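For reference, structure-v8.txt is printed below; it contains compact mmCIF, C-alpha atoms.
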```txt
# COMPACT_ATOMS: atom_id res chain seq x y z
CA MET A 1 -25.56 -17.03 1.26
CA SER A 2 -23.52 -19.35 -0.92
CA ARG A 3 -21.28 -21.88 0.66
CA SER A 4 -18.75 -23.86 -1.32
CA ARG A 5 -16.03 -26.36 -0.68
CA THR A 6 -13.17 -27.06 -2.98
CA ASN A 7 -10.28 -29.47 -2.69
CA SER A 8 -7.22 -27.50 -3.71
CA GLY A 9 -4.23 -29.43 -2.45
CA THR A 10 -4.37 -27.34 0.71
CA GLY A 11 -7.16 -29.40 2.26
CA GLU A 12 -10.77 -28.33 2.17
CA LEU A 13 -11.14 -24.64 1.44
CA LEU A 14 -14.45 -23.52 2.88
CA VAL A 15 -15.46 -20.02 1.83
CA GLU A 16 -18.72 -18.40 2.87
CA LEU A 17 -19.91 -15.56 0.67
CA ARG A 18 -22.96 -13.44 1.34
CA ARG A 19 -24.26 -12.14 -1.94
CA ASP A 20 -26.80 -9.93 -0.14
CA SER A 21 -24.06 -8.15 1.83
CA SER A 22 -22.93 -4.61 1.14
CA VAL A 23 -19.31 -5.87 1.24
CA PRO A 24 -18.09 -6.71 -2.28
CA LEU A 25 -17.50 -10.39 -3.05
CA HIS A 26 -13.78 -9.96 -3.67
CA GLN A 27 -13.36 -8.40 -0.22
CA GLN A 28 -15.31 -11.23 1.38
CA LEU A 29 -13.07 -13.75 -0.37
CA GLU A 30 -9.94 -11.82 0.68
CA SER A 31 -11.09 -11.78 4.30
CA ALA A 32 -11.88 -15.49 4.30
CA ILE A 33 -8.48 -16.45 2.89
CA ARG A 34 -6.64 -13.93 5.09
CA ASP A 35 -8.38 -15.31 8.20
CA ARG A 36 -7.51 -18.90 7.29
CA ILE A 37 -3.85 -17.93 6.88
CA ARG A 38 -3.83 -16.07 10.20
CA GLN A 39 -5.47 -19.01 11.96
CA GLY A 40 -2.85 -21.36 10.57
CA LEU A 41 -5.36 -23.33 8.50
CA LEU A 42 -3.40 -22.50 5.35
CA ARG A 43 0.28 -23.15 6.01
CA ALA A 44 3.28 -21.49 4.40
CA ASP A 45 3.95 -22.52 0.79
CA ALA A 46 0.52 -24.17 0.48
CA VAL A 47 -0.69 -24.07 -3.12
CA MET A 48 -3.86 -22.05 -3.59
CA PRO A 49 -6.54 -23.17 -6.05
CA ALA A 50 -6.26 -21.84 -9.58
CA THR A 51 -8.36 -18.72 -10.09
CA ARG A 52 -10.56 -20.38 -12.72
CA ALA A 53 -11.16 -23.46 -10.57
CA LEU A 54 -11.99 -21.43 -7.47
CA ALA A 55 -14.24 -19.09 -9.43
CA THR A 56 -16.15 -22.05 -10.87
CA ALA A 57 -16.45 -23.76 -7.48
CA LEU A 58 -17.76 -20.57 -5.83
CA GLY A 59 -19.97 -19.52 -8.72
CA LEU A 60 -18.05 -16.28 -9.22
CA SER A 61 -16.42 -14.59 -12.16
CA ARG A 62 -12.71 -15.20 -12.45
CA GLY A 63 -12.09 -11.44 -12.11
CA VAL A 64 -13.43 -11.48 -8.54
CA VAL A 65 -10.98 -14.23 -7.56
CA VAL A 66 -8.10 -12.57 -9.41
CA GLU A 67 -8.77 -9.28 -7.63
CA ALA A 68 -8.84 -11.01 -4.23
CA TYR A 69 -5.59 -12.84 -4.96
CA GLN A 70 -3.90 -9.65 -6.19
CA GLN A 71 -4.84 -7.81 -3.00
CA LEU A 72 -3.53 -10.65 -0.83
CA VAL A 73 -0.30 -10.70 -2.86
CA ALA A 74 0.05 -6.94 -2.31
CA GLU A 75 -0.48 -7.43 1.44
CA GLY A 76 2.14 -10.19 1.56
CA TYR A 77 -0.17 -13.09 2.37
CA LEU A 78 0.24 -14.80 -1.00
CA VAL A 79 3.10 -15.15 -3.48
CA SER A 80 2.37 -15.41 -7.18
CA ARG A 81 4.34 -15.54 -10.36
CA THR A 82 3.20 -15.57 -13.95
CA GLY A 83 2.55 -19.08 -15.22
CA GLY A 84 3.04 -20.59 -11.78
CA TYR A 85 0.94 -21.50 -8.80
CA THR A 86 -0.20 -18.97 -6.25
CA ARG A 87 1.09 -19.99 -2.83
CA VAL A 88 0.75 -18.85 0.75
CA ALA A 89 3.73 -16.61 1.49
CA PRO A 90 6.35 -18.14 3.79
CA ALA A 91 6.34 -15.03 5.98
CA ALA A 92 2.54 -15.14 6.30
CA ALA A 93 2.67 -18.27 8.46
CA GLY A 94 4.37 -16.39 11.30
CA ILE A 95 2.01 -13.39 11.31
CA GLN A 96 -0.31 -14.63 14.06
CA VAL A 97 2.52 -16.11 16.15
CA GLU A 98 4.45 -12.85 16.03
CA ARG A 99 1.42 -10.82 17.14
CA LYS A 100 0.79 -13.17 20.06
CA SER A 101 4.40 -13.04 21.24
CA VAL A 102 4.45 -9.23 21.25
CA ALA A 103 1.18 -9.07 23.16
CA ALA A 104 2.27 -11.77 25.61
CA THR A 105 5.59 -10.14 26.44
CA GLY A 106 4.05 -6.71 26.83
CA GLY A 107 7.03 -5.23 25.01
CA PRO A 108 6.78 -2.20 22.77
CA PRO A 109 5.80 -2.79 19.15
CA ARG A 110 8.59 -2.79 16.59
CA ILE A 111 7.02 0.02 14.60
CA ASP A 112 4.85 2.78 16.01
CA PHE A 113 2.25 3.76 13.40
CA ARG A 114 0.60 6.44 15.51
CA TYR A 115 0.38 9.86 13.92
CA SER A 116 2.64 12.70 15.08
CA LYS A 117 5.35 10.23 16.04
CA PRO A 118 7.80 10.18 13.13
CA ASP A 119 10.86 7.95 13.29
CA VAL A 120 13.53 10.64 13.10
CA SER A 121 16.33 8.16 13.73
CA GLN A 122 16.20 7.17 10.02
CA PHE A 123 16.15 10.74 8.71
CA PRO A 124 19.02 11.28 6.22
CA ARG A 125 20.60 14.21 8.06
CA ALA A 126 23.89 14.15 6.20
CA ALA A 127 22.20 14.20 2.78
CA TRP A 128 19.80 16.93 3.95
CA LEU A 129 22.72 19.06 5.19
CA ARG A 130 24.62 18.55 1.90
CA SER A 131 21.54 19.67 -0.05
CA ILE A 132 21.05 22.76 2.09
CA ARG A 133 24.71 23.74 1.76
CA LYS A 134 24.62 23.23 -2.01
CA VAL A 135 21.49 25.38 -2.40
CA LEU A 136 22.80 28.13 -0.14
CA ASN A 137 26.16 28.20 -1.93
CA GLU A 138 24.66 28.22 -5.45
CA THR A 139 21.69 30.53 -4.86
CA PRO A 140 22.31 34.10 -6.01
CA ASN A 141 21.97 36.81 -3.38
CA ARG A 142 18.96 38.35 -5.13
CA SER A 143 16.99 35.12 -4.55
CA LEU A 144 17.47 35.30 -0.80
CA ALA A 145 15.78 38.68 -0.60
CA CYS A 146 12.17 38.67 -1.74
CA LEU A 147 12.02 42.32 -2.77
CA ASP A 148 8.62 42.61 -4.41
CA GLY A 149 6.70 40.55 -1.83
CA ARG A 150 5.13 38.17 -4.38
CA GLY A 151 7.71 35.39 -3.98
CA THR A 152 10.81 34.62 -6.00
CA ALA A 153 10.47 34.71 -9.75
CA GLU A 154 11.87 31.18 -10.13
CA VAL A 155 9.23 29.67 -7.82
CA ARG A 156 6.41 31.56 -9.53
CA GLU A 157 7.67 30.45 -12.97
CA ALA A 158 7.98 26.82 -11.85
CA LEU A 159 4.49 26.89 -10.34
CA ALA A 160 2.99 28.47 -13.44
CA ASP A 161 4.68 25.85 -15.65
CA TYR A 162 3.36 23.07 -13.42
CA LEU A 163 -0.20 24.40 -13.31
CA ASN A 164 -0.28 24.96 -17.06
CA ARG A 165 1.08 21.48 -17.79
CA VAL A 166 -0.85 19.41 -15.23
CA ARG A 167 -4.05 21.38 -14.69
CA GLY A 168 -4.41 22.89 -18.15
CA THR A 169 -4.54 26.46 -16.86
CA SER A 170 -3.16 29.58 -18.49
CA ALA A 171 -1.40 30.86 -15.37
CA ARG A 172 1.26 33.54 -15.72
CA PRO A 173 4.06 34.01 -13.15
CA GLU A 174 3.46 37.77 -12.91
CA ASN A 175 -0.10 37.12 -11.72
CA MET A 176 0.94 34.86 -8.82
CA LEU A 177 1.42 35.62 -5.17
CA ILE A 178 3.34 33.15 -3.02
```
Kindly transcribe the structure held in the file into structure tokens.
Amino acid sequence: MSRSRTNSGTGELLVELRRDSSVPLHQQLESAIRDRIRQGLLRADAVMPATRALATALGLSRGVVVEAYQQLVAEGYLVSRTGGYTRVAPAAAGIQVERKSVAATGGPPRIDFRYSKPDVSQFPRAAWLRSIRKVLNETPNRSLACLDGRGTAEVREALADYLNRVRGTSARPENMLI
């Protein structure tokens, strides 16, 4: 296990990395920084150490630190801009507080991420209805009746074009069954 401290303008940044772990180093670094932000040890707008300096202090390659920072930026914990400092995101400071307040009040979560529970209140019904009306008005009568049982010719042609272009096949519409 390697243990390093670095003074980065955000106080002491203590990061423990286990080189013998099956978890990649960049994920260990991400977790350590993420946990410090959640615990309030890294406050909003705190300047993070430069990737080169942190990599040197931890005995890592710069790519490992860059990858960890990029993931934390993608998750919204850090904010970065080219040529500037990487900082703790202002919104990241309230993450733990918000979670505690929801749990303490016992109220329903703002967003339900469970499967089979889509949020149909945001469905664009008017746009969907306009699209359906347009298709039904512009579609020729012959397309509404699938006479040969293999699917409409347009769909088979579009699928054959797609398969030939993307998958490199030599599919022909007359050989398809939809």
Take CA of Met176 in chain A and CA of Arg142 in chain A and report the distance between them in Å, one decimal.
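Value for the CA of Met176 in chain A-CA of Arg142 in chain A distance: 18.7 Å.
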Quick check, in Å to one decimal: how far apart do CA of Val47 in chain A and CA of Gly83 in chain A lie?
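It comes out at 13.5 Å.
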Could you give me, as a list in words, the residues that have an atom at most 10 Å away from the point (6.3, 30.1, -2.6) in the coordinates of the file, using all atoms listed in the file?
Arg150, Gly151, Thr152, Ala153, Glu154, Val155, Arg156, Ala158, Leu159, Met176, Leu177 and Ile178 of chain A
Expressed in Å to a single decimal, how great is the separation between CA of Thr51 in chain A and CA of Val88 in chain A?
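About the pair CA of Thr51 in chain A and CA of Val88 in chain A: they are 14.2 Å apart.
Nearest residue to Leu60 in chain A, choosing from A:Pro109, A:Gly149, A:Gly168, A:Pro24 and counting only C-alpha atoms: A:Pro24.
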All residues 10 Å or closer to Asp161 in chain A, all atoms listed in the file, same chain fewer than 6 positions away omitted, as a ChimeraX atom specification:
/A:155,167-173
Name all residues at most 12 Å from Leu25 in chain A (count all atoms listed in the file; drop same-chain ones fewer than 2 positions away) and give them as a ChimeraX atom specification.
/A:1-2,15-23,27-32,55,58-68
Near-Gly84 in chain A list (12 Å; all atoms listed in the file; drop same-chain fewer than 4 positions) as an MDAnalysis selection string
chainID A and resid 47:51 79:80
Dump as a short mmCIF file (atom, residue, chain, number, x, y, z; two decimals), keeping the file's coordinate frame, selection limited to C-alpha atoms:
```
data_model
loop_
_atom_site.label_atom_id
_atom_site.label_comp_id
_atom_site.auth_asym_id
_atom_site.auth_seq_id
_atom_site.Cartn_x
_atom_site.Cartn_y
_atom_site.Cartn_z
CA VAL A 47 -0.69 -24.07 -3.12
CA MET A 48 -3.86 -22.05 -3.59
CA PRO A 49 -6.54 -23.17 -6.05
CA ALA A 50 -6.26 -21.84 -9.58
CA THR A 51 -8.36 -18.72 -10.09
CA VAL A 79 3.10 -15.15 -3.48
CA SER A 80 2.37 -15.41 -7.18
#
```
My list of candidates is A:Pro90, A:Ala126, A:Leu72, A:Ile33. Which is closest to Ala46 in chain A when distances are computed with all atoms listed in the file?
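Nearest candidate to Ala46 in chain A out of A:Pro90, A:Ala126, A:Leu72, A:Ile33: A:Pro90.
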Selected residue, from A:Gly76, A:Thr86, A:Ala160, A:Ala92, that lies nearest to Leu41 in chain A when counting all atoms listed in the file:
A:Ala92
